[in-house]
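Asks: Once you've had a glance at the structure underneath, I'll fire off some questions.
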Number of protein chains: 4
Amino acid sequence: MNSFGRVFRITIFGESHGFVVGINIDGCPAGIPLTVDDFTNDLSRRRAGKEGTTPRVEDDIPELVSGWFNGYTTGAPLTIFFNNKDIRSGDYANLKDTPRPGHADFVARQKFNGFNDYRGGGHFSGRLTLALVAAGVVAKKIIPKISINALLIEAGGNTNIAEAVSRAREAGDSIGGMVECRADFIPVGYGEPFFDSVESVISHLAFSIPAIKGIEFGSGFSAARMTGLQHNDPIINELGRTATANAGGITGGITNGNELVFRVAVKPASSIPKLQQTFSFSTHTVEELKIEGRHDVCIALRVPVILEAITAIVLADFMLVSGKEYKNKRIRPTETMR
Amino acid sequence: MNSFGRVFRITIFGESHGFVVGINIDGCPAGIPLTVDDFTNDLSRRRAGKEGTTPRVEDDIPELVSGWFNGYTTGAPLTIFFNNKDIRSGDYANLKDTPRPGHADFVARQKFNGFNDYRGGGHFSGRLTLALVAAGVVAKKIIPKISINALLIEAGGNTNIAEAVSRAREAGDSIGGMVECRADFIPVGYGEPFFDSVESVISHLAFSIPAIKGIEFGSGFSAARMTGLQHNDPIINELGRTATANAGGITGGITNGNELVFRVAVKPASSIPKLQQTFSFSTHTVEELKIEGRHDVCIALRVPVILEAITAIVLADFMLVSGKEYKNKRIRPTETMR
Amino acid sequence: MNSFGRVFRITIFGESHGFVVGINIDGCPAGIPLTVDDFTNDLSRRRAGKEGTTPRVEDDIPELVSGWFNGYTTGAPLTIFFNNKDIRSGDYANLKDTPRPGHADFVARQKFNGFNDYRGGGHFSGRLTLALVAAGVVAKKIIPKISINALLIEAGGNTNIAEAVSRAREAGDSIGGMVECRADFIPVGYGEPFFDSVESVISHLAFSIPAIKGIEFGSGFSAARMTGLQHNDPIINELGRTATANAGGITGGITNGNELVFRVAVKPASSIPKLQQTFSFSTHTVEELKIEGRHDVCIALRVPVILEAITAIVLADFMLVSGKEYKNKRIRPTETMR
Amino acid sequence: MNSFGRVFRITIFGESHGFVVGINIDGCPAGIPLTVDDFTNDLSRRRAGKEGTTPRVEDDIPELVSGWFNGYTTGAPLTIFFNNKDIRSGDYANLKDTPRPGHADFVARQKFNGFNDYRGGGHFSGRLTLALVAAGVVAKKIIPKISINALLIEAGGNTNIAEAVSRAREAGDSIGGMVECRADFIPVGYGEPFFDSVESVISHLAFSIPAIKGIEFGSGFSAARMTGLQHNDPIINELGRTATANAGGITGGITNGNELVFRVAVKPASSIPKLQQTFSFSTHTVEELKIEGRHDVCIALRVPVILEAITAIVLADFMLVSGKEYKNKRIRPTETMR
C-alpha cells in the first residue's frame with residue numbers, strides 16, 4: 001500500500017520522470033501555521049548538488065494544493081506536490097530491457113507485467129523521498145517539543161566521509177553508509193502492544209526508504225553478544241530515567257522516556273559508471289551494462305533528513321493516537337497503585 | 001494495534017497469567033485441512049523445558065474454537081486458544097511497584113495508569129508468541145511450496161551455543177543471540193511500493209517479538225561498508241537469478257526470486273536471578289531488586305520457530321494479496337515489452 | 001473483514017452451533033470498571049424466550065478472558081466469550097443441501113466451496129449479535145454522557161406489535177418491523193469527511209446486523225419529496241440548535257449537536273414453519289422445504305438493543321478518534337473567526 | 001478518513017474553490033488501457049449546465065499525473081486531478097460567519113476551529129464527487145462484465161422530473177429526489193461476513209455523497225411490512241436464481257447471483273435563493289440569510305452517475321479481494337458436499 005499511519009496518515013504518489021511527486025496527509029490537525037518557506041531547510045538538506053550526490057537539480061518548490069488556506073492547515077487532507085522539471089529520460093532508454101543490478105528494474109517489470117514506468121526507476125525512485133521529507137516538515141510542527149537529529153556517522157566504513165566519497169567518485173564506484181537518528185523529550189507510553197511497537201512502526205517506514213538494508217535500536221546487534229546484567233538499564237527515578245541506554249529509549253516496544261536512538265545501514269547506490277553484468281531481455285543473454293544518467297556516489301548523504309522525517313511522522317501519529325485516551329481519565333486507586 | 005495483515009489478518013490477545021492466550025485469523029481461506037496434531041511440531045520447538053529456557057511448562061494444546069468444522073477451515077474467522085494453567089502469580093507480587101529493568105513493567109504501568117495486568121508481564125509477555133507460532137502453522141499451509149528455516153547461529157557471541165547457555169546459567173545471568181531465517185522458492189513480485197516493502201512488513205512483525213533489537217536483510221550492516229560494484233548482484237538469467245546474494249532476495253522492496261535471508265539480534269532476557277537496581281514506587285527510592293519466578297537464560301533459543309512463523313504469516317498475506325491481480329491479465333504488447 | 005473501527009476496534013468470531021461466540025475489543029481504554037453484571041440488562045433485552053422470539057434459550061454469561069483484571073479494563077485487548085450450550089444441530093441436517101430461501105445458506109456454500117459450518121447459519125447467524133451487544137455495553141461506558149435509546153415502532157406494518165406477532169405466529173409465518181434509534185447529547189463534530197460521515201459509519205455497522213434492509217437518517221426518504229425550504233433546519237443559536245429536525249442530527253456527515261435520529265427496516269425472519277420452494281443440491285430439482293429448528297417470528301423484537309450497541313460502538317470510536325486533536329489547540333485569530 | 005477500500009483503495013482531496021479536486025487510486029492493477037477520452041461520457045453526465053443544475057461550468061478535464069504511462073495504468077498509484085477554474089469566491093464572503101441551514105458550514109467551523117476553507121463548502125462540497133466519478137470510470141474498466149445503471153426515478157415526489165424541476169426553480173426553491181441503481185452479472189460470493197456485507201460497504205460509500213439521507217436494498221423499507229412467506233425469494237436453480245427479487249441481489253450480506261438493486265433518497269439542495277433564518281456569529285443573533293452564488297435546483301439530477309461510480313468502486317474492490325482465494329482451491333469432498 002502507498003499509505004501509512006493511523007491518524008496522521010500519508011499517501012505517496014508520483015514517479016521519477018513523471019509529472020509530479022506528491023504526498024497527501026489525512027488526519028493533519030487544523031490550525032497548523034504553514035508556509036512554503038517552512039520546507040526550505042529540510043528540502044535543501046535532501047537536495048542534490050553537493051559533492052557525492054547527483055548533478056540533477058530540481059528546484060523542489062512545494063505546492064500546497066489542498067487542505068491549506070490563508071497560511072494554516074484546514075483539517076481537510078493536505079496535499080503537497082512537486083513538479084518534475086529537470087528530466088532527461090533519454091538517458092534511460094537502454095535500461096528498459098536491461099535491468100540494472102541492485103535496482104528495482106527487474107522486479108518492477110515482472111510485478112507489473114512490463115507496464116511500469118521504467119524511466120529513472122519510476123515509482124521506485126529515491127526521488128519520492130522528497131515527499132517524505134515534506135510530510136516530515138509538517139509532522140515536526142505537530143510535535144514541537146520533541147527534538148530529532150540524524151547524522152551520517154560513517155561512509156564506506158570510514159568516518160572521514162568527504163574523503164571516502166571523493167575516492168569512490170574517482171573510482172567510478174559508489175559507497176554505502178551508516179546513519180544514526182536520535183530523538184529526545186518523547187513522552188513515556190508511545191507505541192502499542194502487540195504489533196505496533198515503536199521499533200515495528202519506525203522500521204516499517206525506514207525500510208520504505210530505498211537502499212536501507214538494516215536497522216538496530218539502542219545497543220542493537222551488540223545486544224546479541226551481551227549478558228542480561230550488562231544490557232539491562234537500571235531505572236533511577238520515577239520518570240523512568242535509566243543509568244545506561246542500551247534499550248535505545250524503548251522497552252517492551254513502548255517509549256520509556258529516555259532518548260530514542262537507532263541506526264540504519266544504507267547500501268551503496270546501485271547505479272554506478274562502472275560496467276556491470278546483467279541479463280538482457282532484448283538479446284536473452286547476459287551482457288555488459290553501461291549506466292548513463294546522473295547518479296549519487298553516496299546516497300547515504302541524503303538519508304539523515306529523510307530519517308528525521310519518518311521519525312517525526314511516526315511520533316506525530318503516536319502523539320495523535322495517544323490523544324485518544326479515556327476522557328475522564330482514571331488513575332488506579334491508591335491502594336493498588338502505590 | 002493488536003491486528004496485522006491485509007488479507008490474512010491476525011488479531012492477538014491474552015496475558016501471561018490470565019485465562020488464555022489466543023489468536024484470531026481473519027481472511028484464512030476455506031478448505032485448509034487442519035488438525036491439532038498439525039501444531040505439535042512447531043509448538044514443541046517453541047515450548048520450554050530445554051536447557052536454557054524457563055521451567056514453566058504448559059501443555060500448550062491449541063483449541064480451534066471458531067472457523068473450523070469437520071477437519072477443515074471454513075472461511076469464517078479462525079480462532080485458536082491456549083489455556084494458561086501452570087501459573088504461579090505469587091512470584092510476581094513484589095514486581096507490582098518495582099519495575100524490572102529491561103522489561104515492560106514501567107512503561108505498562110505509565111501507559112495504562114496502573115490498570116495493566118502486571119503478572120508475568122501481562123499482555124507484554126513472551127508467552128503471546130505461542131499464538132504467533134500457531135498462526136504460523138496455518139500460514140505455512142497456505143504457502144506449501146515455500147520452504148522456511150530459521151536457526152540460532154550465535155548465543156552470547158559464541159557459536160558453541162550449549163556451552164554459552166550453561167555458563168550463563170551458572171553465572172545467574174542471561175545471554176542474547178543471533179537468529180538467521182532463510183526462505184526459498186518465493187515467487188518474484190511479493191511486496192508493495194511504497195510503504196509495504198518486504199523488509200518493511202517483515203521487520204514490523206519481527207519487532208513485535210519481545211527482545212528483538214535489530215534486523216538486517218542480505219548483507220545488511222556490512223552493505224554500509226561496501227562499494228556498489230561489490231554489493232550489486234549481477235542478474236544472470238530471465239528468472240532474475242543473481243550471481244551473488246547481497247540483496248537477501250529483495251530488490252526495491254520486492255522479492256526478486258532469490259533466497260530470502262535475514263537476521264535478527266535478540267537481546268538477553270531481562271529477568272535474571274542476579275540483584276539489579278531499580279526505582280521502587282513503594283519507597284520512592286532506588287532499591288535492589290531480586291526477581292523470583294521462572295525465566296529463560298537464553299530466549300533466543302525459542303526465537304527460530306517464532307521467526308519462521310512471522311515469515312510465513314507475511315508471505316501468506318502477500319500471496320493472498322497478489323492473488324488480486326487483474327483477471328484478464330494483460331502483458332504489455334511485444335513492441336513495448338521487448 | 002471481521003473487524004471494524006479505527007481506535008475502538010472490534011473483531012467478531014464464532015458460529016451459531018460452534019463452541020463460542022466472541023468479540024475482541026482493541027483500543028479499549030484502561031481503567032473502565034466492568035463486571036459480568038454490567039452486561040445483564042442489555043443481554044436480557046436481546047435474549048430469546050419472549051413471545052415472538054425463538055425458544056432456544058442460552059444463559060448468555062459473558063466471560064472476560066483477556067484485557068480485564070481486578071474489575072477494570074487493562075488497556076490490553078478485551079476479549080469476551082459466550083459458550084454455546086443449547087444446541088440441537090440435528091435440526092439442521094436437512095438444510096445442508098437445501099438452502100433456505102432468504103437465508104445465507106446458498107451464498108455461504110458457494111463462497112466457501114462447501115466448507116462453511118452450515119449448522120444454524122454458522123458464522124452468518126443472528127447469534128453473533130450477542131457479541132455486538134456485549135461490545136455495546138463496554139462502548140456505552142466510554143460515552144456516559146450520551147443517551148441512546150432504540151425502540152421497535154412498528155411490526156408487520158402495525159403499531160400494535162403484540163397483536164401482529166401473535167397473528168403471524170398463528171399463521172406459521174414471520175413479520176418484519178421498523179426500529180428507531182435516538183441518541184442525544186452528542187458533541188458537535190463527530191464524523192470525518194469524506195468517507196467517514198456519521199451516516200456512512202453507522203450504516204456500515206447497521207447493515208452488519210442480519211435482516212436489516214434499509215436505513216434512513218432524520219427525514220430520510222421523506223426528504224426526497226421535500227423542498228429545500230421545507231427541509232433546511234434553521235439554526236437558532238451558537239450551539240447549532242435547530243428549529244426543526246429534518247437532518248437527524250447530522251449535517252455534512254458531521255454531528256451538529258442536535259439529537260441523532262435514524263430508522264432501520266428489518267425484514268421478516270427467513271426461517272418459517274410454512275413450506276417453501278428451494279433448489280436441492282441432492283436431487284438437483286426444486287423441492288418443497290420444511291424448516292425445523294426453533295426460530296423467531298419477529299426478529300425485529302431483538303433489534304433495538306443491537307441497534308443501540310452499534311450506535312454506542314460508533315460514537316465511542318468517534319469520541320476516541322476526536323481525542324486526537326492538536327494538543328496546543330489553536331483557535332483561528334479573532335479577525336478571521338468572528 | 002479520506003481513504004476507502006481494501007485493495008482498490010481511493011484517497012480523495014481538494015476543495016470547491018481551492019486549486020484542485022483530485023483522487024488517488026492505490027491497488028489499481030497494471031495494464032488497464034486508459035485515456036482522457038474514457039472519462040468524457042461519465043464526467044459530462046455529472047457536469048453542470050443542464051436545466052436544474054448550477055450555471056458554474058468547469059471544463060473538468062482529468063489530468064493523469066501519476067501511475068499512468070504510454071496509455072496504460074502502471075500498477076503504481078494512479079492520481080487524477082481536476083483544476084478549479086470558474087471560481088467566484090466573492091459570492092461566499094457573507095457566509096463565513098452565517099452558516100447556511102442544511103449545509104456543513106456550521107459543523108465545519110466548529111470541528112476545525114474556524115480554520116476550514118469555507119469558500120463554496122470547501123472540502124465538503126459536492127464538487128468532490130467529480131473525483132468519485134473519475135475513480136468510477138477506472139473501476140468500471142476492472143469489472144467489464146458487470147453492467148451498472150442508475151436512474152433518477154422521482155424528483156420532488158413527482159415522476160415528471162422536468163416539470164418538477166422547472167416549478168421549483170420558479171419558486172426560488174430546490175427539490176429532492178430518488179435514485180435507483182441496478183447492477184447485473186455480478187458473481188455469487190462478493191461481500192464478507194461479518195462487517196463487510198455488500199449493503200455495509202455500498203451504504204458506507206453512498207452516504208459519502210453529499211445529500212444522501214436514506215438507502216434501501218431490494219424491497220427495503222417495504223420489507224418491514226411483509227411476512228416471511230411474501231419476502232423470501234424461492235431459489236429455482238443451482239446458480240441461485242430466485243423467482244422473486246425482494247433481496248435485491250444480496251443474501252446474508254453476500255451477492256447471490258441475482259440483479260443488485262438499491263435506491264437512495266437525495267435531499268433537496270440546501271442552498272436556495274429564498275431567504276432563510278440562521279444564527280450569525282458576527283451579530284450573535286438569528287438573522288435572515290440571502291444566499292448568493294450559483295447552485296443546483298435538484299442535485300439528485302447529478303446523482304445517478306455518482307451512484308454508478310461508487311457501485312463500480314465497491315464491486316471492483318470486491319472482485320480484486322476475491323481474487324485472493326486459496327490458489328490450490330479445494331472443493332469439499334463429494335460425500336460431505338452433496
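By order in the C-alpha cells, chains are A, B, ...; within a chain, residues start at 1; ligands start at 1, following the order shown.
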Could you pull out the strand (DSSP E or B) residues of stretch 17-140 of chain D, going by DSSP on the backbone, and write them as a PDB file with all heavy atoms, in the first residue's frame?
Replies:
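The resulting file, selection_13.pdb, is reproduced below:
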ATOM      1  N   VAL D  20      -7.321  22.412  -6.670  1.00  0.00           N
ATOM      2  CA  VAL D  20      -7.674  21.194  -7.378  1.00  0.00           C
ATOM      3  C   VAL D  20      -8.717  20.393  -6.614  1.00  0.00           C
ATOM      4  O   VAL D  20      -8.947  20.603  -5.417  1.00  0.00           O
ATOM      5  CB  VAL D  20      -6.458  20.239  -7.541  1.00  0.00           C
ATOM      6  CG1 VAL D  20      -5.318  20.910  -8.281  1.00  0.00           C
ATOM      7  CG2 VAL D  20      -5.989  19.708  -6.192  1.00  0.00           C
ATOM      8  N   VAL D  21      -9.326  19.474  -7.337  1.00  0.00           N
ATOM      9  CA  VAL D  21     -10.026  18.341  -6.748  1.00  0.00           C
ATOM     10  C   VAL D  21      -9.326  17.119  -7.327  1.00  0.00           C
ATOM     11  O   VAL D  21      -9.032  17.097  -8.526  1.00  0.00           O
ATOM     12  CB  VAL D  21     -11.522  18.368  -7.118  1.00  0.00           C
ATOM     13  CG1 VAL D  21     -12.156  17.005  -6.951  1.00  0.00           C
ATOM     14  CG2 VAL D  21     -12.245  19.408  -6.279  1.00  0.00           C
ATOM     15  N   GLY D  22      -9.019  16.140  -6.494  1.00  0.00           N
ATOM     16  CA  GLY D  22      -8.263  15.007  -7.012  1.00  0.00           C
ATOM     17  C   GLY D  22      -8.545  13.716  -6.290  1.00  0.00           C
ATOM     18  O   GLY D  22      -9.186  13.697  -5.237  1.00  0.00           O
ATOM     19  N   ILE D  23      -8.081  12.642  -6.896  1.00  0.00           N
ATOM     20  CA  ILE D  23      -8.236  11.324  -6.280  1.00  0.00           C
ATOM     21  C   ILE D  23      -7.016  10.477  -6.611  1.00  0.00           C
ATOM     22  O   ILE D  23      -6.434  10.589  -7.691  1.00  0.00           O
ATOM     23  CB  ILE D  23      -9.546  10.642  -6.746  1.00  0.00           C
ATOM     24  CG1 ILE D  23      -9.951   9.545  -5.759  1.00  0.00           C
ATOM     25  CG2 ILE D  23      -9.447  10.109  -8.160  1.00  0.00           C
ATOM     26  CD1 ILE D  23     -11.433   9.249  -5.731  1.00  0.00           C
ATOM     27  N   ASN D  24      -6.635   9.692  -5.621  1.00  0.00           N
ATOM     28  CA  ASN D  24      -5.510   8.783  -5.780  1.00  0.00           C
ATOM     29  C   ASN D  24      -6.053   7.366  -5.641  1.00  0.00           C
ATOM     30  O   ASN D  24      -6.824   7.090  -4.727  1.00  0.00           O
ATOM     31  CB  ASN D  24      -4.478   9.088  -4.686  1.00  0.00           C
ATOM     32  CG  ASN D  24      -3.334   8.096  -4.677  1.00  0.00           C
ATOM     33  OD1 ASN D  24      -3.438   7.038  -4.066  1.00  0.00           O
ATOM     34  ND2 ASN D  24      -2.269   8.430  -5.362  1.00  0.00           N
ATOM     35  N   ILE D  25      -5.689   6.499  -6.571  1.00  0.00           N
ATOM     36  CA  ILE D  25      -6.158   5.109  -6.520  1.00  0.00           C
ATOM     37  C   ILE D  25      -4.962   4.199  -6.312  1.00  0.00           C
ATOM     38  O   ILE D  25      -4.117   4.045  -7.194  1.00  0.00           O
ATOM     39  CB  ILE D  25      -6.898   4.708  -7.808  1.00  0.00           C
ATOM     40  CG1 ILE D  25      -8.036   5.689  -8.106  1.00  0.00           C
ATOM     41  CG2 ILE D  25      -7.442   3.287  -7.681  1.00  0.00           C
ATOM     42  CD1 ILE D  25      -8.749   5.437  -9.429  1.00  0.00           C
ATOM     43  N   ASP D  26      -4.889   3.605  -5.137  1.00  0.00           N
ATOM     44  CA  ASP D  26      -3.846   2.636  -4.837  1.00  0.00           C
ATOM     45  C   ASP D  26      -4.425   1.254  -5.160  1.00  0.00           C
ATOM     46  O   ASP D  26      -5.628   1.033  -5.047  1.00  0.00           O
ATOM     47  CB  ASP D  26      -3.502   2.737  -3.347  1.00  0.00           C
ATOM     48  CG  ASP D  26      -2.175   2.107  -3.020  1.00  0.00           C
ATOM     49  OD1 ASP D  26      -1.494   1.589  -3.926  1.00  0.00           O
ATOM     50  OD2 ASP D  26      -1.794   2.149  -1.834  1.00  0.00           O
ATOM     51  N   PRO D  33      -5.924  -0.125 -20.123  1.00  0.00           N
ATOM     52  CA  PRO D  33      -5.813   0.965 -21.090  1.00  0.00           C
ATOM     53  C   PRO D  33      -6.677   2.137 -20.640  1.00  0.00           C
ATOM     54  O   PRO D  33      -7.818   1.936 -20.227  1.00  0.00           O
ATOM     55  CB  PRO D  33      -6.351   0.347 -22.387  1.00  0.00           C
ATOM     56  CG  PRO D  33      -7.167  -0.827 -21.962  1.00  0.00           C
ATOM     57  CD  PRO D  33      -6.627  -1.298 -20.653  1.00  0.00           C
ATOM     58  N   GLU D  63      -6.498  15.169 -15.389  1.00  0.00           N
ATOM     59  CA  GLU D  63      -5.057  15.045 -15.644  1.00  0.00           C
ATOM     60  C   GLU D  63      -4.553  13.816 -14.919  1.00  0.00           C
ATOM     61  O   GLU D  63      -4.707  13.691 -13.706  1.00  0.00           O
ATOM     62  CB  GLU D  63      -4.323  16.294 -15.155  1.00  0.00           C
ATOM     63  CG  GLU D  63      -4.784  17.551 -15.865  1.00  0.00           C
ATOM     64  CD  GLU D  63      -3.997  18.786 -15.423  1.00  0.00           C
ATOM     65  OE1 GLU D  63      -2.822  18.636 -15.031  1.00  0.00           O
ATOM     66  OE2 GLU D  63      -4.572  19.879 -15.457  1.00  0.00           O
ATOM     67  N   LEU D  64      -3.945  12.911 -15.689  1.00  0.00           N
ATOM     68  CA  LEU D  64      -3.443  11.656 -15.114  1.00  0.00           C
ATOM     69  C   LEU D  64      -1.988  11.892 -14.727  1.00  0.00           C
ATOM     70  O   LEU D  64      -1.088  11.723 -15.539  1.00  0.00           O
ATOM     71  CB  LEU D  64      -3.571  10.534 -16.143  1.00  0.00           C
ATOM     72  CG  LEU D  64      -4.985  10.346 -16.720  1.00  0.00           C
ATOM     73  CD1 LEU D  64      -4.971   9.396 -17.914  1.00  0.00           C
ATOM     74  CD2 LEU D  64      -5.920   9.829 -15.642  1.00  0.00           C
ATOM     75  N   VAL D  65      -1.755  12.320 -13.478  1.00  0.00           N
ATOM     76  CA  VAL D  65      -0.416  12.802 -13.138  1.00  0.00           C
ATOM     77  C   VAL D  65       0.508  11.761 -12.522  1.00  0.00           C
ATOM     78  O   VAL D  65       1.696  12.005 -12.357  1.00  0.00           O
ATOM     79  CB  VAL D  65      -0.472  14.038 -12.213  1.00  0.00           C
ATOM     80  CG1 VAL D  65      -1.160  15.184 -12.910  1.00  0.00           C
ATOM     81  CG2 VAL D  65      -1.133  13.703 -10.895  1.00  0.00           C
ATOM     82  N   SER D  66      -0.017  10.619 -12.150  1.00  0.00           N
ATOM     83  CA  SER D  66       0.880   9.537 -11.713  1.00  0.00           C
ATOM     84  C   SER D  66       0.236   8.196 -11.977  1.00  0.00           C
ATOM     85  O   SER D  66      -0.982   8.098 -12.132  1.00  0.00           O
ATOM     86  CB  SER D  66       1.235   9.662 -10.228  1.00  0.00           C
ATOM     87  OG  SER D  66       0.201   9.169  -9.400  1.00  0.00           O
ATOM     88  N   TRP D  68       0.419   6.320 -14.577  1.00  0.00           N
ATOM     89  CA  TRP D  68      -0.052   6.186 -15.948  1.00  0.00           C
ATOM     90  C   TRP D  68       1.119   6.452 -16.882  1.00  0.00           C
ATOM     91  O   TRP D  68       1.876   7.405 -16.676  1.00  0.00           O
ATOM     92  CB  TRP D  68      -1.176   7.197 -16.178  1.00  0.00           C
ATOM     93  CG  TRP D  68      -1.813   7.145 -17.522  1.00  0.00           C
ATOM     94  CD1 TRP D  68      -2.878   6.388 -17.907  1.00  0.00           C
ATOM     95  CD2 TRP D  68      -1.434   7.899 -18.680  1.00  0.00           C
ATOM     96  NE1 TRP D  68      -3.170   6.609 -19.221  1.00  0.00           N
ATOM     97  CE2 TRP D  68      -2.311   7.531 -19.722  1.00  0.00           C
ATOM     98  CE3 TRP D  68      -0.441   8.831 -18.940  1.00  0.00           C
ATOM     99  CZ2 TRP D  68      -2.217   8.077 -21.002  1.00  0.00           C
ATOM    100  CZ3 TRP D  68      -0.339   9.377 -20.216  1.00  0.00           C
ATOM    101  CH2 TRP D  68      -1.244   8.997 -21.233  1.00  0.00           C
ATOM    102  N   PHE D  69       1.257   5.587 -17.899  1.00  0.00           N
ATOM    103  CA  PHE D  69       2.419   5.716 -18.789  1.00  0.00           C
ATOM    104  C   PHE D  69       2.069   5.109 -20.138  1.00  0.00           C
ATOM    105  O   PHE D  69       1.588   3.966 -20.209  1.00  0.00           O
ATOM    106  CB  PHE D  69       3.615   4.978 -18.148  1.00  0.00           C
ATOM    107  CG  PHE D  69       4.902   5.054 -18.910  1.00  0.00           C
ATOM    108  CD1 PHE D  69       5.392   6.271 -19.386  1.00  0.00           C
ATOM    109  CD2 PHE D  69       5.645   3.908 -19.132  1.00  0.00           C
ATOM    110  CE1 PHE D  69       6.605   6.336 -20.070  1.00  0.00           C
ATOM    111  CE2 PHE D  69       6.858   3.960 -19.821  1.00  0.00           C
ATOM    112  CZ  PHE D  69       7.332   5.172 -20.292  1.00  0.00           C
ATOM    113  N   TYR D  72      -1.432   3.325 -20.515  1.00  0.00           N
ATOM    114  CA  TYR D  72      -1.881   2.259 -19.620  1.00  0.00           C
ATOM    115  C   TYR D  72      -1.591   2.619 -18.164  1.00  0.00           C
ATOM    116  O   TYR D  72      -0.662   3.373 -17.873  1.00  0.00           O
ATOM    117  CB  TYR D  72      -1.116   0.955 -19.929  1.00  0.00           C
ATOM    118  CG  TYR D  72      -1.420   0.369 -21.269  1.00  0.00           C
ATOM    119  CD1 TYR D  72      -0.648   0.711 -22.384  1.00  0.00           C
ATOM    120  CD2 TYR D  72      -2.454  -0.546 -21.430  1.00  0.00           C
ATOM    121  CE1 TYR D  72      -0.911   0.163 -23.635  1.00  0.00           C
ATOM    122  CE2 TYR D  72      -2.729  -1.099 -22.687  1.00  0.00           C
ATOM    123  CZ  TYR D  72      -1.961  -0.738 -23.776  1.00  0.00           C
ATOM    124  OH  TYR D  72      -2.237  -1.277 -25.007  1.00  0.00           O
ATOM    125  N   THR D  73      -2.365   2.032 -17.265  1.00  0.00           N
ATOM    126  CA  THR D  73      -2.012   2.132 -15.851  1.00  0.00           C
ATOM    127  C   THR D  73      -0.745   1.310 -15.625  1.00  0.00           C
ATOM    128  O   THR D  73      -0.520   0.294 -16.288  1.00  0.00           O
ATOM    129  CB  THR D  73      -3.132   1.585 -14.957  1.00  0.00           C
ATOM    130  OG1 THR D  73      -3.399   0.224 -15.305  1.00  0.00           O
ATOM    131  CG2 THR D  73      -4.408   2.402 -15.120  1.00  0.00           C
ATOM    132  N   LEU D  78      -2.389   5.563  -9.061  1.00  0.00           N
ATOM    133  CA  LEU D  78      -2.909   6.407 -10.134  1.00  0.00           C
ATOM    134  C   LEU D  78      -3.505   7.666  -9.505  1.00  0.00           C
ATOM    135  O   LEU D  78      -4.375   7.563  -8.637  1.00  0.00           O
ATOM    136  CB  LEU D  78      -3.989   5.615 -10.869  1.00  0.00           C
ATOM    137  CG  LEU D  78      -4.733   6.278 -12.022  1.00  0.00           C
ATOM    138  CD1 LEU D  78      -3.806   6.467 -13.215  1.00  0.00           C
ATOM    139  CD2 LEU D  78      -5.931   5.422 -12.434  1.00  0.00           C
ATOM    140  N   THR D  79      -3.032   8.830  -9.928  1.00  0.00           N
ATOM    141  CA  THR D  79      -3.576  10.075  -9.384  1.00  0.00           C
ATOM    142  C   THR D  79      -4.225  10.879 -10.504  1.00  0.00           C
ATOM    143  O   THR D  79      -3.643  11.050 -11.573  1.00  0.00           O
ATOM    144  CB  THR D  79      -2.477  10.918  -8.711  1.00  0.00           C
ATOM    145  OG1 THR D  79      -1.765  10.094  -7.793  1.00  0.00           O
ATOM    146  CG2 THR D  79      -3.083  12.097  -7.959  1.00  0.00           C
ATOM    147  N   ILE D  80      -5.429  11.340 -10.235  1.00  0.00           N
ATOM    148  CA  ILE D  80      -6.179  12.129 -11.217  1.00  0.00           C
ATOM    149  C   ILE D  80      -6.546  13.471 -10.604  1.00  0.00           C
ATOM    150  O   ILE D  80      -7.102  13.527  -9.514  1.00  0.00           O
ATOM    151  CB  ILE D  80      -7.473  11.387 -11.645  1.00  0.00           C
ATOM    152  CG1 ILE D  80      -7.145   9.954 -12.110  1.00  0.00           C
ATOM    153  CG2 ILE D  80      -8.213  12.168 -12.719  1.00  0.00           C
ATOM    154  CD1 ILE D  80      -8.380   9.097 -12.357  1.00  0.00           C
ATOM    155  N   PHE D  81      -6.193  14.551 -11.311  1.00  0.00           N
ATOM    156  CA  PHE D  81      -6.521  15.909 -10.843  1.00  0.00           C
ATOM    157  C   PHE D  81      -7.552  16.558 -11.737  1.00  0.00           C
ATOM    158  O   PHE D  81      -7.563  16.309 -12.951  1.00  0.00           O
ATOM    159  CB  PHE D  81      -5.331  16.860 -11.023  1.00  0.00           C
ATOM    160  CG  PHE D  81      -4.211  16.637 -10.161  1.00  0.00           C
ATOM    161  CD1 PHE D  81      -3.011  17.289 -10.449  1.00  0.00           C
ATOM    162  CD2 PHE D  81      -4.284  15.826  -9.067  1.00  0.00           C
ATOM    163  CE1 PHE D  81      -1.928  17.114  -9.657  1.00  0.00           C
ATOM    164  CE2 PHE D  81      -3.193  15.640  -8.263  1.00  0.00           C
ATOM    165  CZ  PHE D  81      -2.014  16.296  -8.569  1.00  0.00           C
ATOM    166  N   PHE D  82      -8.264  17.478 -11.127  1.00  0.00           N
ATOM    167  CA  PHE D  82      -9.072  18.420 -11.883  1.00  0.00           C
ATOM    168  C   PHE D  82      -8.754  19.807 -11.348  1.00  0.00           C
ATOM    169  O   PHE D  82      -8.877  20.046 -10.138  1.00  0.00           O
ATOM    170  CB  PHE D  82     -10.568  18.134 -11.695  1.00  0.00           C
ATOM    171  CG  PHE D  82     -10.991  16.806 -12.224  1.00  0.00           C
ATOM    172  CD1 PHE D  82     -10.963  15.675 -11.404  1.00  0.00           C
ATOM    173  CD2 PHE D  82     -11.399  16.670 -13.546  1.00  0.00           C
ATOM    174  CE1 PHE D  82     -11.349  14.444 -11.902  1.00  0.00           C
ATOM    175  CE2 PHE D  82     -11.793  15.423 -14.035  1.00  0.00           C
ATOM    176  CZ  PHE D  82     -11.760  14.311 -13.218  1.00  0.00           C
ATOM    177  N   ASN D  83      -8.347  20.690 -12.223  1.00  0.00           N
ATOM    178  CA  ASN D  83      -8.097  22.051 -11.776  1.00  0.00           C
ATOM    179  C   ASN D  83      -9.408  22.798 -11.636  1.00  0.00           C
ATOM    180  O   ASN D  83     -10.338  22.597 -12.411  1.00  0.00           O
ATOM    181  CB  ASN D  83      -7.212  22.781 -12.797  1.00  0.00           C
ATOM    182  CG  ASN D  83      -5.778  22.322 -12.705  1.00  0.00           C
ATOM    183  OD1 ASN D  83      -5.153  22.448 -11.653  1.00  0.00           O
ATOM    184  ND2 ASN D  83      -5.272  21.737 -13.788  1.00  0.00           N
TER     185      ASN D  83
END
Asks: Pick out the chain D residues within 9 Å of chain A. Count only C-alpha atoms. Give them as an MDAnalysis selection string.
Replies: chainID D and resid 1:3 7 9 11:15 18:21 24 26:27 29:31 64:70 72:79 111:117 122:123
Asks: Could you name the residues that touch A:Gln277 at 8 Å or less, counting only C-alpha atoms, but leaving out those on the same chain fewer than 5 positions away, as a list in words?
Replies: Pro101, Val286, Glu287, Glu288 and Leu289 of chain A; Pro234, Ile235 and Ile236 of chain B
Asks: Using only C-alpha atoms, determine which residues lie at most 10 Å from C:Glu259, disregarding the query and same-chain residues fewer than 6 positions distant; provide the list as a ChimeraX atom specification.
Replies: /C:147-148,182-186,218,241,245,247-250
